[in-house]
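**Q** File model.txt follows (compact mmCIF, C-alpha atoms):
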# COMPACT_ATOMS: atom_id res chain seq x y z
CA MET U 25 52.29 4.30 -18.52
CA THR U 26 48.87 5.51 -17.61
CA ASP U 27 46.31 3.47 -15.85
CA ALA U 28 42.78 3.66 -17.13
CA PRO U 29 39.96 4.57 -14.75
CA THR U 30 38.93 1.77 -12.46
CA GLY U 31 35.36 1.83 -13.62
CA SER U 32 33.66 2.85 -10.42
CA GLY U 33 31.85 5.68 -12.14
CA SER U 34 28.95 5.69 -14.57
CA ARG U 35 27.76 2.77 -16.61
CA ASP U 36 29.29 4.30 -19.72
CA SER U 37 32.70 4.51 -18.13
CA GLN U 38 32.38 0.92 -16.97
CA ASP U 39 31.53 -0.15 -20.51
CA VAL U 40 34.57 1.69 -21.77
CA ASP U 41 36.77 0.08 -19.13
CA ALA U 42 35.34 -3.31 -20.00
CA LEU U 43 36.08 -2.72 -23.67
CA ILE U 44 39.66 -1.71 -22.90
CA THR U 45 40.08 -4.81 -20.77
CA ASP U 46 38.63 -6.95 -23.54
CA ARG U 47 41.09 -5.61 -26.08
CA TYR U 48 43.94 -6.08 -23.68
CA LEU U 49 42.90 -9.69 -23.18
CA ASP U 50 42.77 -10.23 -26.94
CA SER U 51 46.31 -8.98 -27.18
CA LEU U 52 47.51 -10.88 -24.11
CA LEU U 53 46.06 -14.23 -25.15
CA ALA U 54 47.26 -13.83 -28.72
CA ALA U 55 50.76 -13.15 -27.36
CA HIS U 56 50.56 -16.27 -25.20
CA GLY U 57 49.56 -18.21 -28.29
CA ARG U 58 52.79 -17.06 -29.90
CA GLY U 59 54.77 -17.95 -26.82
CA ALA U 60 55.34 -14.34 -25.81
CA ASP U 61 54.53 -12.81 -22.44
CA THR U 62 52.69 -9.73 -23.57
CA GLY U 63 51.36 -8.34 -26.77
CA PRO U 64 51.78 -4.92 -28.31
CA VAL U 65 49.36 -2.62 -26.53
CA SER U 66 49.52 1.13 -26.62
CA ALA U 67 49.97 2.78 -23.26
CA ASP U 68 46.68 4.68 -23.50
CA ALA U 69 44.74 1.45 -24.07
CA LEU U 70 45.74 -0.37 -20.94
CA PRO U 71 43.28 -1.42 -18.26
CA ALA U 72 43.83 -0.58 -14.61
CA PHE U 73 47.06 -1.94 -13.20
CA ALA U 74 45.32 -4.35 -10.82
CA VAL U 75 43.13 -5.72 -13.59
CA ARG U 76 46.15 -6.09 -15.84
CA LEU U 77 48.05 -7.91 -13.14
CA ALA U 78 45.16 -10.30 -12.50
CA ALA U 79 44.77 -10.97 -16.21
CA ASP U 80 48.48 -11.65 -16.63
CA ARG U 81 48.44 -14.05 -13.71
CA LEU U 82 45.38 -15.95 -14.88
CA ALA U 83 46.80 -16.24 -18.38
CA ARG U 84 49.99 -17.64 -16.87
CA ASP U 85 48.58 -19.85 -14.13
CA LEU U 86 45.49 -21.41 -15.60
CA PRO U 87 46.72 -23.99 -18.09
CA ARG U 88 44.55 -25.96 -20.40
CA LEU U 89 44.33 -29.52 -19.14
CA HIS U 90 44.13 -32.75 -21.03
CA PRO U 91 42.56 -35.95 -19.76
CA SER U 92 44.55 -39.14 -19.64
CA PHE U 93 45.36 -40.95 -22.85
CA ARG U 94 43.50 -43.95 -21.50
CA PHE U 95 40.33 -41.92 -21.00
CA GLU U 96 40.69 -40.29 -24.41
CA GLU U 97 40.92 -43.63 -26.20
CA ALA U 98 38.16 -45.21 -24.14
CA LEU U 99 35.77 -42.38 -24.98
CA ALA U 100 36.83 -42.50 -28.63
CA GLY U 101 35.82 -46.16 -28.58
CA LYS U 102 32.44 -45.36 -27.07
CA LEU U 103 31.83 -42.66 -29.64
CA ASN U 104 32.69 -45.08 -32.41
CA GLN U 105 30.23 -47.58 -30.97
CA ALA U 106 27.54 -44.93 -30.86
CA ALA U 107 28.41 -43.81 -34.39
CA ALA U 108 28.11 -47.38 -35.62
CA LEU U 109 24.65 -47.63 -34.13
CA MET U 110 23.64 -44.38 -35.80
CA ARG U 111 24.80 -45.75 -39.16
CA LEU U 112 22.95 -49.03 -38.91
CA PRO U 113 19.56 -47.72 -40.05
CA THR U 114 21.23 -46.25 -43.12
CA ALA U 115 22.85 -49.57 -43.90
CA ALA U 116 19.45 -51.18 -43.63
CA GLY U 117 17.99 -48.75 -46.15
CA GLY U 118 16.54 -46.18 -43.80
CA GLN U 119 17.38 -42.61 -42.99
CA PRO U 120 20.20 -41.83 -40.58
CA VAL U 121 18.92 -41.13 -37.13
CA GLY U 122 20.24 -39.55 -34.02
CA LEU U 123 20.43 -41.38 -30.76
CA PRO U 124 17.89 -40.32 -28.20
CA PRO U 125 18.88 -37.59 -25.80
CA PHE U 126 20.09 -38.89 -22.48
CA ALA U 127 17.28 -38.84 -20.03
CA ASP U 128 19.60 -38.64 -17.06
CA ALA U 129 22.05 -36.11 -18.40
CA GLY U 130 19.85 -33.18 -17.46
CA THR U 131 20.89 -31.38 -20.59
CA SER U 132 18.59 -29.01 -22.28
CA LEU U 133 20.20 -29.00 -25.66
CA PRO U 134 20.77 -25.75 -27.42
CA VAL U 135 18.23 -25.42 -30.17
CA THR U 136 19.50 -24.28 -33.51
CA GLY U 137 16.29 -25.06 -35.34
CA GLY U 138 15.74 -25.17 -39.03
CA ARG U 139 16.22 -28.79 -39.89
CA GLY U 140 13.49 -30.36 -37.86
CA ASP U 141 14.13 -32.64 -35.01
CA VAL U 142 14.96 -36.12 -36.20
CA LEU U 143 14.86 -37.30 -32.63
CA ASP U 144 11.18 -36.51 -32.37
CA ARG U 145 10.45 -39.07 -35.05
CA PHE U 146 11.72 -41.90 -32.96
CA ARG U 147 10.78 -43.10 -29.58
CA PHE U 148 12.56 -45.64 -27.47
CA ASP U 149 11.18 -47.66 -24.65
CA GLY U 150 13.59 -46.10 -22.26
CA PRO U 151 16.82 -44.16 -21.96
CA ILE U 152 19.82 -45.71 -23.62
CA GLU U 153 23.10 -45.65 -21.78
CA VAL U 154 25.31 -44.78 -24.69
CA GLY U 155 28.34 -44.72 -22.43
CA ARG U 156 28.02 -48.48 -22.02
CA PRO U 157 27.60 -51.29 -24.54
CA LEU U 158 24.32 -50.65 -26.25
CA LEU U 159 21.59 -53.14 -25.74
CA ILE U 160 18.53 -52.96 -27.92
CA GLY U 161 16.20 -55.86 -27.57
CA GLY U 162 19.10 -58.07 -26.54
CA ALA U 163 20.30 -58.22 -30.15
CA ILE U 164 23.09 -55.72 -30.37
CA THR U 165 25.94 -58.21 -30.35
CA SER U 166 24.73 -59.99 -33.43
CA ALA U 167 23.46 -56.73 -34.86
CA ALA U 168 26.96 -55.38 -34.95
CA ILE U 169 28.17 -58.17 -37.21
CA SER U 170 25.23 -59.34 -39.25
CA LEU U 171 22.90 -57.82 -41.79
CA ALA U 172 19.94 -59.46 -40.13
CA GLY U 173 20.92 -57.84 -36.89
CA ALA U 174 21.28 -54.49 -38.59
CA ALA U 175 17.87 -54.84 -40.14
CA TYR U 176 16.42 -55.75 -36.78
CA VAL U 177 17.94 -52.73 -35.09
CA ALA U 178 16.68 -50.49 -37.88
CA TRP U 179 13.21 -51.93 -37.52
CA ARG U 180 13.39 -51.62 -33.75
CA ILE U 181 14.37 -47.98 -33.95
CA ARG U 182 11.65 -47.16 -36.43
CA HIS U 183 8.89 -48.78 -34.47
CA PRO U 184 8.04 -46.81 -31.41
CA GLY U 185 7.88 -48.66 -28.17
CA ALA U 186 4.50 -49.57 -26.88
CA SER U 187 2.72 -47.40 -24.39
CA PRO U 188 3.20 -48.19 -20.70
CA MET U 189 -0.26 -49.74 -20.69
CA VAL U 190 0.57 -52.09 -23.56
CA ARG U 191 3.89 -53.04 -21.98
CA ALA U 192 2.12 -53.76 -18.71
CA ALA U 193 -0.39 -55.93 -20.54
CA ARG U 194 2.44 -57.82 -22.24
CA ALA U 195 4.18 -58.31 -18.92
CA VAL U 196 1.02 -59.72 -17.46
CA ALA U 197 0.60 -62.03 -20.45
CA ARG U 198 4.16 -63.27 -20.09
CA THR U 199 3.61 -63.89 -16.43
CA ARG U 200 0.57 -66.02 -17.24
CA LEU U 201 2.47 -68.06 -19.81
CA THR U 202 5.13 -68.97 -17.34
CA MET S 7 44.14 -11.50 -40.57
CA ALA S 8 42.96 -14.07 -43.05
CA ARG S 9 40.19 -13.07 -45.34
CA PRO S 10 36.84 -14.43 -44.17
CA ALA S 11 35.64 -17.37 -46.20
CA LEU S 12 32.25 -16.82 -47.75
CA TRP S 13 29.74 -19.31 -48.95
CA ARG S 14 26.78 -18.69 -51.23
CA VAL S 15 23.69 -20.38 -49.92
CA GLY S 16 20.05 -20.65 -50.92
CA ARG S 17 18.32 -18.94 -53.79
CA PRO S 18 19.15 -15.36 -54.51
CA GLU S 19 16.43 -13.10 -53.20
CA ALA S 20 15.74 -9.97 -55.18
CA GLY S 21 18.86 -10.63 -57.19
CA GLU S 22 21.11 -10.67 -54.13
CA PRO S 23 22.81 -13.94 -53.25
CA ARG S 24 22.87 -14.60 -49.53
CA LEU S 25 26.39 -14.85 -48.23
CA VAL S 26 27.31 -16.31 -44.92
CA HIS S 27 30.65 -16.68 -43.25
CA LEU S 28 31.93 -20.18 -43.02
CA ASP S 29 32.19 -21.72 -39.64
CA ARG S 30 35.78 -22.89 -39.30
CA ASP S 31 34.47 -26.34 -38.37
CA ARG S 32 31.98 -26.53 -41.21
CA ARG S 33 33.75 -29.26 -43.15
CA LEU S 34 34.27 -31.39 -40.07
CA VAL S 35 30.68 -30.93 -38.96
CA GLU S 36 29.25 -31.74 -42.37
CA ALA S 37 31.41 -34.82 -42.61
CA ALA S 38 30.25 -35.98 -39.19
CA GLN S 39 26.62 -35.30 -40.03
CA ALA S 40 26.99 -37.42 -43.15
CA ASP S 41 28.95 -40.14 -41.39
CA PRO S 42 28.84 -40.18 -37.58
CA ALA S 43 32.13 -42.10 -37.47
CA ARG S 44 33.84 -38.91 -38.63
CA PHE S 45 32.75 -37.13 -35.48
CA GLU S 46 36.05 -38.33 -34.06
CA ALA S 47 37.90 -35.44 -35.68
CA LEU S 48 35.75 -32.94 -33.80
CA TYR S 49 36.15 -34.98 -30.65
CA ARG S 50 39.94 -34.96 -30.83
CA LYS S 51 39.96 -31.28 -31.63
CA TYR S 52 37.86 -30.16 -28.67
CA LEU S 53 38.52 -32.84 -26.07
CA ALA S 54 41.06 -30.88 -24.03
CA GLN S 55 38.96 -27.73 -24.14
CA VAL S 56 35.82 -29.42 -22.93
CA TYR S 57 37.70 -31.42 -20.31
CA SER S 58 39.46 -28.29 -19.03
CA PHE S 59 36.19 -26.42 -18.73
CA ALA S 60 34.66 -29.33 -16.85
CA TYR S 61 37.69 -29.71 -14.60
CA TYR S 62 37.90 -26.06 -13.61
CA GLU S 63 34.17 -26.03 -12.97
CA LEU S 64 33.94 -29.31 -11.08
CA ARG S 65 37.48 -29.47 -9.69
CA ASP S 66 37.43 -33.22 -9.69
CA HIS S 67 39.21 -35.37 -12.23
CA HIS S 68 36.64 -38.16 -12.35
CA GLU S 69 33.66 -35.86 -12.48
CA ALA S 70 35.32 -33.86 -15.22
CA GLU S 71 35.85 -37.01 -17.23
CA ASP S 72 32.26 -38.03 -16.73
CA ALA S 73 31.00 -34.61 -17.78
CA THR S 74 33.29 -34.68 -20.81
CA GLU S 75 31.97 -38.07 -21.82
CA ARG S 76 28.37 -36.99 -21.51
CA THR S 77 29.04 -33.81 -23.45
CA PHE S 78 30.54 -35.57 -26.45
CA LEU S 79 28.04 -38.41 -26.49
CA SER S 80 25.21 -35.92 -26.31
CA ALA S 81 26.78 -33.82 -29.07
CA LEU S 82 27.15 -36.86 -31.32
CA ALA S 83 23.61 -38.01 -30.66
CA ASN S 84 22.21 -34.59 -31.45
CA LEU S 85 24.53 -33.52 -34.22
CA GLY S 86 21.64 -33.68 -36.67
CA ARG S 87 20.02 -30.83 -34.77
CA PHE S 88 23.01 -28.56 -35.06
CA GLU S 89 22.81 -25.82 -37.63
CA GLU S 90 25.65 -23.47 -38.29
CA ARG S 91 24.94 -19.88 -37.51
CA ALA S 92 28.17 -18.08 -38.17
CA ARG S 93 27.74 -14.36 -38.71
CA PRO S 94 30.07 -11.86 -40.31
CA ALA S 95 30.54 -10.29 -36.87
CA ASP S 96 31.93 -13.57 -35.59
CA GLY S 97 35.04 -13.18 -37.70
CA ALA S 98 36.89 -15.62 -39.89
CA GLY S 99 37.92 -17.97 -37.11
CA ALA S 100 34.51 -18.36 -35.50
CA SER S 101 33.03 -21.72 -34.75
CA THR S 102 29.38 -21.87 -33.92
CA PHE S 103 29.90 -25.60 -33.45
CA ARG S 104 32.27 -24.91 -30.58
CA VAL S 105 29.70 -22.57 -29.03
CA TRP S 106 27.03 -25.26 -29.41
CA LEU S 107 29.32 -27.90 -27.93
CA PHE S 108 30.10 -25.73 -24.94
CA GLN S 109 26.43 -24.96 -24.41
CA ILE S 110 26.00 -28.69 -23.96
CA ALA S 111 29.05 -28.86 -21.70
CA ARG S 112 27.76 -25.98 -19.63
CA ASN S 113 24.41 -27.72 -19.15
CA VAL S 114 26.06 -31.02 -18.25
CA VAL S 115 28.39 -29.37 -15.74
CA ALA S 116 25.60 -27.28 -14.22
CA GLN S 117 23.49 -30.37 -13.73
CA ARG S 118 26.43 -32.15 -12.12
CA ARG S 119 27.13 -29.25 -9.79
CA ARG S 120 23.52 -29.08 -8.74
CA SER S 121 23.29 -32.79 -8.11
CA ARG S 122 26.40 -33.37 -6.03
CA ARG S 123 26.00 -30.48 -3.55
CA ARG S 124 29.63 -30.70 -2.59
CA HIS S 125 31.73 -27.85 -1.38
CA PRO S 126 33.67 -26.58 -4.38
CA GLU S 127 36.80 -25.94 -2.35
CA ALA S 128 39.28 -28.40 -3.76
CA SER S 129 42.87 -28.14 -4.78
CA LEU S 130 44.02 -27.91 -8.35
CA GLU S 131 46.80 -30.40 -7.80
CA ALA S 132 46.37 -32.00 -11.16
CA ALA S 133 46.75 -28.65 -12.83
CA ALA S 134 49.80 -27.88 -10.74
CA ASN S 135 51.54 -30.87 -12.24
CA VAL S 136 51.95 -29.04 -15.50
CA ALA S 137 54.86 -27.13 -13.99
CA ASP S 138 58.28 -28.31 -15.05
CA PRO S 139 59.08 -31.24 -12.73
CA ARG S 140 62.82 -30.79 -13.26
CA ASP S 141 62.81 -27.46 -11.52
CA VAL S 142 61.53 -28.17 -8.03
CA GLU S 143 61.78 -24.64 -6.71
CA ARG S 144 60.06 -23.17 -9.71
CA ALA S 145 57.45 -25.91 -9.55
CA VAL S 146 56.68 -25.10 -5.93
CA VAL S 147 56.32 -21.42 -6.68
CA ARG S 148 54.13 -22.08 -9.67
CA ARG S 149 52.05 -24.50 -7.68
CA ASP S 150 51.39 -21.82 -5.08
CA ASP S 151 50.54 -19.32 -7.78
CA LEU S 152 48.24 -21.78 -9.44
CA GLY S 153 46.56 -22.55 -6.17
CA ALA S 154 45.95 -18.87 -5.50
CA ALA S 155 44.68 -18.27 -9.02
CA GLY S 156 42.53 -21.37 -8.83
CA ARG S 157 41.10 -20.39 -5.46
CA ALA S 158 40.37 -16.86 -6.64
CA LEU S 159 38.63 -18.30 -9.66
CA ALA S 160 36.62 -20.77 -7.59
CA ARG S 161 35.30 -18.03 -5.32
CA LEU S 162 33.70 -16.14 -8.18
CA PRO S 163 29.96 -16.49 -8.71
CA GLY S 164 28.70 -18.72 -11.55
CA ASP S 165 28.84 -16.80 -14.80
CA ARG S 166 31.84 -14.67 -13.79
CA ARG S 167 33.78 -17.84 -13.09
CA ARG S 168 32.62 -19.53 -16.28
CA ALA S 169 33.44 -16.46 -18.34
CA LEU S 170 37.01 -16.36 -17.03
CA ILE S 171 37.52 -20.08 -17.62
CA LEU S 172 36.25 -19.79 -21.17
CA ARG S 173 38.34 -16.66 -21.79
CA PHE S 174 41.62 -17.73 -20.23
CA VAL S 175 41.65 -21.51 -20.37
CA ASP S 176 39.74 -22.11 -23.57
CA GLU S 177 40.83 -18.81 -25.09
CA MET S 178 37.44 -17.98 -26.50
CA THR S 179 36.38 -14.64 -27.87
CA THR S 180 33.83 -12.49 -26.13
CA GLN S 181 31.35 -13.32 -28.89
CA GLU S 182 31.72 -17.04 -28.31
CA ILE S 183 31.35 -16.67 -24.55
CA ALA S 184 28.26 -14.53 -25.08
CA GLY S 185 26.78 -17.31 -27.18
CA ILE S 186 27.52 -19.93 -24.55
CA LEU S 187 26.29 -17.93 -21.58
CA GLY S 188 23.29 -16.51 -23.40
CA ARG S 189 24.27 -12.89 -22.80
CA SER S 190 25.12 -9.94 -24.98
CA GLU S 191 28.73 -9.28 -25.86
CA GLY S 192 28.68 -6.04 -23.90
CA ALA S 193 27.36 -7.85 -20.85
CA VAL S 194 30.10 -10.46 -21.13
CA ARG S 195 32.79 -7.78 -21.41
CA VAL S 196 31.52 -6.15 -18.22
CA LEU S 197 31.22 -9.56 -16.57
CA ILE S 198 34.85 -10.38 -17.33
CA HIS S 199 36.05 -6.94 -16.30
CA ARG S 200 34.29 -7.20 -12.94
CA ALA S 201 35.50 -10.76 -12.48
CA LEU S 202 39.09 -9.64 -13.05
CA ARG S 203 38.70 -6.88 -10.48
CA SER S 204 37.44 -9.48 -8.00
CA VAL S 205 40.37 -11.75 -8.79
CA ALA S 206 42.75 -8.81 -8.43
CA ARG S 207 41.42 -8.08 -4.94
CA GLU S 208 41.60 -11.75 -4.04
CA LEU S 209 45.16 -12.14 -5.24
CA ASP S 210 46.16 -8.92 -3.56
CA ASP S 211 45.01 -10.36 -0.23
CA THR S 212 46.87 -13.59 -0.83
CA PRO S 213 50.24 -13.72 0.92
CA ARG S 214 52.98 -14.37 -1.63
Please, can you express the file's structure as C-alpha cells?
**A**
Amino acid sequence: MTDAPTGSGSRDSQDVDALITDRYLDSLLAAHGRGADTGPVSADALPAFAVRLAADRLARDLPRLHPSFRFEEALAGKLNQAAALMRLPTAAGGQPVGLPPFADAGTSLPVTGGRGDVLDRFRFDGPIEVGRPLLIGGAITSAAISLAGAAYVAWRIRHPGASPMVRAARAVARTRLT
Amino acid sequence: MARPALWRVGRPEAGEPRLVHLDRDRRLVEAAQADPARFEALYRKYLAQVYSFAYYELRDHHEAEDATERTFLSALANLGRFEERARPADGAGASTFRVWLFQIARNVVAQRRRSRRRHPEASLEAAANVADPRDVERAVVRRDDLGAAGRALARLPGDRRRALILRFVDEMTTQEIAGILGRSEGAVRVLIHRALRSVARELDDTPR
C-alpha cells in the first residue's frame, strides 16, 4: 500500500491530493451507506495515511442526529399552521402567497431568481412570528374556521399596511376617541 | 448508476429542445409549491440532516432545534422563490432543493453563532448516546472517540468545519457543499483535504 504525497508541495500537487481524498471519501461514505467499513479503492488512489485515518474516524464517530419525536411533531404542526395560512388567499379566490421573511431570523435567503418575488407584492405591518400561533388583525381564530375569516385574511394580506405616519395618526385618533 | 432523468423544458431553440436533469426532489417541491401542506414530505425527509448540521455547528440541543425550526419555516415561507437549477454535472441524485435548504440553514446558524457569542467548547454528549447502551465498555470507548472527533471538528475554522459536517454527517457531494458554501468544487475539495489534515494532527495529539 502506497501513501500518496502529503500535499505540501505545489498547488497542482495539492489539487491532486485533494482530488484523491475526495474520491476516497466518495468510496468510504458509499461503503458506510451499505453498512461496510471501507469501499473498494485501488492502492494507488489512496490519500495519505493520516488523512485516511482521520476520514475513517470521522465517518465512524460523527453520527447523524435526530431531534426528539416531540419536537418533530410540534414543528410539523407549526408548518401545517403556516401552510394553512398560505392557502387561505387561494381559498378566497386570490393567488397563493408566501409568508413574509422573518425579520429577526437574520437570513439572507439564497436567490434563485426567475419567477419573480411574490413576497415583494405583499407588505405586512410587522414581522410575523410564524413559530407561534399566527395573529393577523386579531381574527386568525375565526379565520381558520370560517369563510368570512378567510376572506378577511386574504383581504388583509393583499392590502399593504399603512405607512408609519398613517399608523401614528390612527393611534392619535384612537387616543382622542377614548 | 441509475440513468439520469431528463426533462424537456421550454420551447426548442434553433430546433434543439433544452434538456435539464431532474432534481431528485422535483416532484416533492412542485407538490409543495402547489399546496404548501405538502411541504411536510420535504420536512420529514430533511429534518434529521438539518438538525444534525445545526447541532454540530451550535453544539446545543435547544439552539439546534430553534435553528431547525427557523430553517424550515423560512423555507416554507419562501418556497415560491425557489427554482430548481440541477445541472448535468450534478448527477442523477442531485438535489438543488437540498442545497437551497442548507443555504438557509447555514445563514440561520451563522446568525445564531454571531448573536450568542458563547464559547463553542461543549461536549457532544447527546451524540455519544447513539452508542449501543447494552455494551458499556464499548459505549465508553466510543464516547471518548466521539468526543475527540467532535473536539477536533469544533476547533476547525468556519468553512472547514462546515465542509466536514456536510461531507461526513450529511453525506453531501462536493458539488452540493460548493453550492452551499458559495465556493468552487475545487476549492471545496482542497478545503476538505486541509481540514482532514488538521483533524489528523489533532487526533494524533489526543491520548487514546
**Q** Residues of chain S that have any atom at most 6 Å from an atom of chain U: could you tabulate them with the shortest-distance atom pair and the distance in Å to one decimal, using all atoms listed in the file, ordered by chain and increasing number, as CSV?
**A**
residue,atom,partner,partner_atom,distance
S:Pro42,CA,U:Ala107,CA,4.9
S:Ala43,CA,U:Ala107,CA,5.1
S:Ala54,CA,U:His90,CA,4.7
S:Ser58,CA,U:Leu89,CA,5.0
S:Ala83,CA,U:Leu123,CA,4.6
S:Asn84,CA,U:Gly122,CA,5.9
S:Phe88,CA,U:Thr136,CA,5.7
S:Glu89,CA,U:Thr136,CA,5.5
S:Asn113,CA,U:Thr131,CA,5.3
S:Val114,CA,U:Thr131,CA,5.7
S:Gln117,CA,U:Gly130,CA,5.9
S:Leu152,CA,U:Asp85,CA,5.1
S:Phe174,CA,U:Ala83,CA,5.7
S:Val175,CA,U:Arg88,CA,5.3
S:Arg195,CA,U:Ala42,CA,5.3
S:Val196,CA,U:Ala42,CA,5.1
S:His199,CA,U:Ala42,CA,5.2
S:Leu202,CA,U:Val75,CA,5.7
S:Arg203,CA,U:Val75,CA,5.5
S:Ala206,CA,U:Ala78,CA,5.0
**Q** Find the spatial neighbours of stretch 182-187 of chain S, counting all atoms listed in the file, within a cut-off of 7 Å - ignore same-chain residues fewer than 5 positions away - and output them as a ChimeraX atom specification.
**A** /S:105,108-109,169,172,194
**Q** Calculate how many Å separate atom CA of S:Arg44 from atom CA of S:Leu82, rounding to one decimal.
**A**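 Straight-line distance from atom CA of S:Arg44 to atom CA of S:Leu82 works out to 10.1 Å.
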